[in-house]
Amino acid sequence: MHVDTGLVRAHGLAALVTLLVSVTFGLIISIQLWWPDLGAGVPALSWGRLRYAHTQGIMLGWLANAFFAFLYHAVPRLTGSSVTSPRLGRWLFGIWNLAVMVPGWALVLAGVSQPLEWAEFPLVIDAFVAIGIVMALIQFVPPFFARGLESLYVSSWYVIGALVFTMLAYPMGNIVPEFVPGAAGAAFSGLWIHDAVGLFVTPLALAILYFVIPAVTGKPIYSHFLSMLGFWLLFFLYPLNGTHHYVFSVIPMSAQFTAIAASALLGITVILVVANLLLSLHGAGAFPKDLGLRFVVMSTIFYLIVSVQGSLQAFMSVNQVVHFTDWVIGHSHLAMLGFATFAAAGGLVHAWQRTPGVRFNARAVGRAYWFLFAGVLLMVTDLTIVGLVQAQHWQSGAPWIDSVVASRHAWIIRSATGILVLGGFLDLLQGLLTGPRNAEVHP
Amino acid sequence: MAYLAALVAGVGFFVTSVVWLGVWPARVLEEQARAFGPTAALALTASEQRGREIYAREGCGYCHTQQVRFTAADEARFGAPTLAWESRRDVPHMLGTRRIGPDLSRTSGTRSEDWHLVHLYNPRLVVSQSVMPGYPWLFAGSADQPKQSARDVVAYLESLGRARLLAASGTNEVVVVNPASPRRSGELPTLPPDPNPASRWTDAKGARGAELYTLHCASCHGPEMRGDGPGARGLMPAPTSLADRFYRSDRVLEALWHGVPGTAMPAWRDMPLADLAALVSHVQQPTALLREDRIGEMPAPDAAERGARVYADNCAQCHGPTGAGDGSAASSLPRPPTNFRLQQMSFYGVVGTLEQGIAGSMMASWGSRLSRADMAAVAHHIRGFFDEADRRSNR
């Protein structure tokens, strides 16, 4: 068994660099909501283009790179065998960052893009993403088969599931709506909006949670039965959620009802999954000493909150009021910045501490944790409140601009929370670049 | 074997979701579109299509949805919910999931082209509190110098909801499809009575009126109501100078409630009635003083007779024999002619308008066709319509 630590380091650093760029985009557009002339009339600095670059960067730059770094650490440990090929690994790294991220951002900022949520990179970039996913599949999945699936640990199932499903879902969300018009195209978009989170981000984040908790506590997972039950339920339910992004639309009601019912069941399933994870902590506490685990535990708690919130939002009575408001933006930040980012950071920190020859600054990483924790909590609270304020204005029939004026102070506070988050990520970067060096060959 | 079955089951979950929530709804939507859509809906023109591409690349759809949902709040604000056939040709779709600005699926007919251009150049020129980015790179330096790309965007915006409006024309549905569009006539709401007319510009209502004026009106009509706000440049016809006119309440309310077709003045029907009343009162404030002050009216011995003659020869075709804006040619004009019985300009205001005309409207310049004495006499006559109407309503 060989762990390719070079690729752990390469993807880890690429993750942090793309993260800082993406967060900077996000911070700028949050400021533009209360200082709209900040872009100074430069097309590449206008809100819409930066908004496209922000979310694509978070998902494909930060999260995907962090997941890949974690997989290079975890797959050999889960399977007892090396990943398929170091050469393939270098190609995957190159394609993902130099043929997807860099040109993807450049094209979006230059005005070549598609107006599809979580799919803004243009078709030519989509092709390279699809190639990259297939390469990742070839890189990481065969070792599991070599070992035999009968004795696979739940993290392995999630890794296989994530890569297989993303390979299927990515073209459906990024390419199909370019050819299917109108509300029907939106139906496919809706599926992808949820699948991007539910079939790509969530399973890989859960693979990290299920991996790091027993690895640090040294004790087995509470219930393997619950693990597998959760796995199959999630993979059955997540794909059926997508239409809940278009409740009260012209999309057939039976499809909407299916998605709403699936959303409710999903919330219940997540309660099971999270219960299993928290019971597996065996008293490590909410803020454990091990830094990777500390991120992972908070990720688990965010996962519970965001999922129950998601179920709630899908119900028609709630959806009628909060849909289209900042409440939902709060929800998506709780998912991607809370749950997914804390999982990715936990997995990255965990892998980094166990990678020979790299520096690790525990103080800086500890600081990163608190900045991010405070930033996410305040941002989501702020967006949730202002979302309700906007909803109230819209329901009241007051002129539209009143809801914009009423949001101003909350938008300023939200930018301040964004600075906390950016500060947290700078600390994380410092944490992985400074401090004492790990021993060259880890015992 | 077991894991092959697992993989097949797993992929099966995905396929189930795509068929159930993607392929099947697409078929139902196509059937609906065929059943309810017009048989020959207009495709976008080349300009509108280019505008759509700019709209897409600039991320407009991330703050503006293009779907009116089947909810009470949406229907009240934006009109009839979006049907399957309306987005049938939209590739890729831009239904949207977030609103920072309003839904745009019923934009057609709600704003004039020049309003859209000024707004696109810098939204704060016409909507002072807007947070929308400006798009100056679609212009050659100023709001009144749009490049073709800016015109394309505006053409696209103007196409939004057009098919639905056309499909509804001739039916009662028109009003429902687009509640925000300016209208030439129709019922006006009854404003709450003023509890204390004597202090109406100094009490809380007066303060509210001033606040609303600054928020919503000053960007075009100017801080001093002289029609010279930052948005005025680029609007054609220019925003009215409210400072040298006196309006009856129902005239102001009409403009606010219906908008002024043929101009950049939109309808403000979404404002609460108490706020509308405060605005109506505020707009009347400076000119009420001006009305008392009749400086500069030049009396001439034959003014009354000459004014009536000049008016009948030159003005009555559009403005009507009694000044009610209902002349024989009025209905064919894009912008209704001024009703002099509901508003009164200062003497110099009338003479100035006669000399210069109103650019962007059908009001021509009369400076080369009428003598100074004729203009003075007809100005006197025109001002008289208001006084006469005022006397009648007070009787």
# chains A, B, ... in the order shown; residues from 1 in each chain; ligands from 1

$ interface_residues --of "chain B" --to "chain A" --cutoff "6 Å" --atoms "only C-alpha atoms" --output "number ranges by chain"
B: 13, 17, 21-22, 26, 56-59, 69-70, 73, 87-93, 97-99, 131, 133, 136, 270-271

$ write_last_selection --atoms "C-alpha atoms" --output "CSV table (one decimal), in the first residue's frame"
chain,number,residue,atom,x,y,z
B,13,PHE,CA,-32.3,5.2,-7.9
B,17,SER,CA,-35.4,10.2,-10.1
B,21,LEU,CA,-38.9,14.2,-11.8
B,22,GLY,CA,-37.4,15.1,-15.2
B,26,ALA,CA,-41.1,17.4,-19.4
B,56,ALA,CA,-27.8,35.3,-19.4
B,57,ARG,CA,-24.1,36.1,-19.3
B,58,GLU,CA,-24.5,39.0,-16.8
B,59,GLY,CA,-26.4,36.8,-14.4
B,69,ARG,CA,-45.7,31.4,-8.9
B,70,PHE,CA,-49.2,30.1,-8.1
B,73,ALA,CA,-48.7,37.3,-3.1
B,87,SER,CA,-41.2,29.5,-21.4
B,88,ARG,CA,-41.5,26.9,-24.2
B,89,ARG,CA,-38.9,28.4,-26.4
B,90,ASP,CA,-36.5,29.5,-23.6
B,91,VAL,CA,-33.2,27.7,-23.9
B,92,PRO,CA,-31.7,27.6,-21.4
B,93,HIS,CA,-34.5,28.4,-19.0
B,97,THR,CA,-34.6,30.8,-7.5
B,98,ARG,CA,-33.8,34.1,-5.9
B,99,ARG,CA,-35.4,37.6,-6.1
B,131,VAL,CA,-28.7,48.0,-5.6
B,133,PRO,CA,-25.3,47.1,-10.8
B,136,PRO,CA,-22.1,51.2,-18.6
B,270,ASP,CA,-48.3,49.0,-5.4
B,271,MET,CA,-48.1,51.9,-3.0

$ select_by_dssp --residues "segment 29-234 of chain A" --states "helix (DSSP H, G or I)" --output "PyMOL selection string"
chain A and resi 29-32+36-39+43-45+47-79+86-110+123-140+142-147+149-151+154-174+176-178+182-217+224-234

$ select_by_dssp --residues "segment 91-258 of chain B" --states "strand (DSSP E or B)" --output "PDB file with N, CA and C atoms, in the first residue's frame"
ATOM      1  N   ARG B  98     -34.084  33.080  -6.901  1.00  0.00           N
ATOM      2  CA  ARG B  98     -33.842  34.132  -5.915  1.00  0.00           C
ATOM      3  C   ARG B  98     -34.345  35.439  -6.500  1.00  0.00           C
ATOM      4  N   PHE B 139     -22.990  51.072 -23.175  1.00  0.00           N
ATOM      5  CA  PHE B 139     -23.294  52.432 -23.625  1.00  0.00           C
ATOM      6  C   PHE B 139     -22.000  53.115 -24.056  1.00  0.00           C
ATOM      7  N   PRO B 146     -26.907  54.758 -26.008  1.00  0.00           N
ATOM      8  CA  PRO B 146     -26.833  53.294 -25.901  1.00  0.00           C
ATOM      9  C   PRO B 146     -26.156  52.680 -27.122  1.00  0.00           C
ATOM     10  N   ARG B 245     -46.627  73.894 -12.017  1.00  0.00           N
ATOM     11  CA  ARG B 245     -47.994  73.486 -12.342  1.00  0.00           C
ATOM     12  C   ARG B 245     -48.752  73.282 -11.040  1.00  0.00           C
ATOM     13  N   PHE B 246     -50.026  73.547 -11.108  1.00  0.00           N
ATOM     14  CA  PHE B 246     -50.873  73.143  -9.998  1.00  0.00           C
ATOM     15  C   PHE B 246     -51.789  72.030 -10.477  1.00  0.00           C
ATOM     16  N   TYR B 247     -51.812  70.935  -9.703  1.00  0.00           N
ATOM     17  CA  TYR B 247     -52.624  69.785 -10.088  1.00  0.00           C
ATOM     18  C   TYR B 247     -53.766  69.596  -9.117  1.00  0.00           C
TER      19      TYR B 247
END

$ atom_distance --atom1 "atom CA of Gly89 of chain A" --atom2 "atom CA of Leu137 of chain A"
11.2 Å

$ residues_around --residues "Asn65 of chain A" --least-positions-apart "6" --cutoff "8 Å" --atoms "only C-alpha atoms" --output "VMD selection string"
chain A and resid 11 to 12 14 to 15

$ write_last_selection --atoms "N, CA and C atoms" --output "CSV table (one decimal), in the first residue's frame"
chain,number,residue,atom,x,y,z
A,11,HIS,N,-3.4,18.8,-4.0
A,11,HIS,CA,-4.8,19.1,-3.9
A,11,HIS,C,-5.2,19.9,-2.7
A,12,GLY,N,-4.5,19.7,-1.6
A,12,GLY,CA,-4.8,20.4,-0.4
A,12,GLY,C,-4.5,21.9,-0.6
A,14,ALA,N,-4.2,23.5,-3.6
A,14,ALA,CA,-5.1,24.0,-4.6
A,14,ALA,C,-6.5,24.3,-4.0
A,15,ALA,N,-6.9,23.4,-3.1
A,15,ALA,CA,-8.2,23.6,-2.4
A,15,ALA,C,-8.2,25.0,-1.7

$ atom_distance --atom1 "atom CA of Gln148 of chain B" --atom2 "atom CA of Leu117 of chain B"
11.2 Å
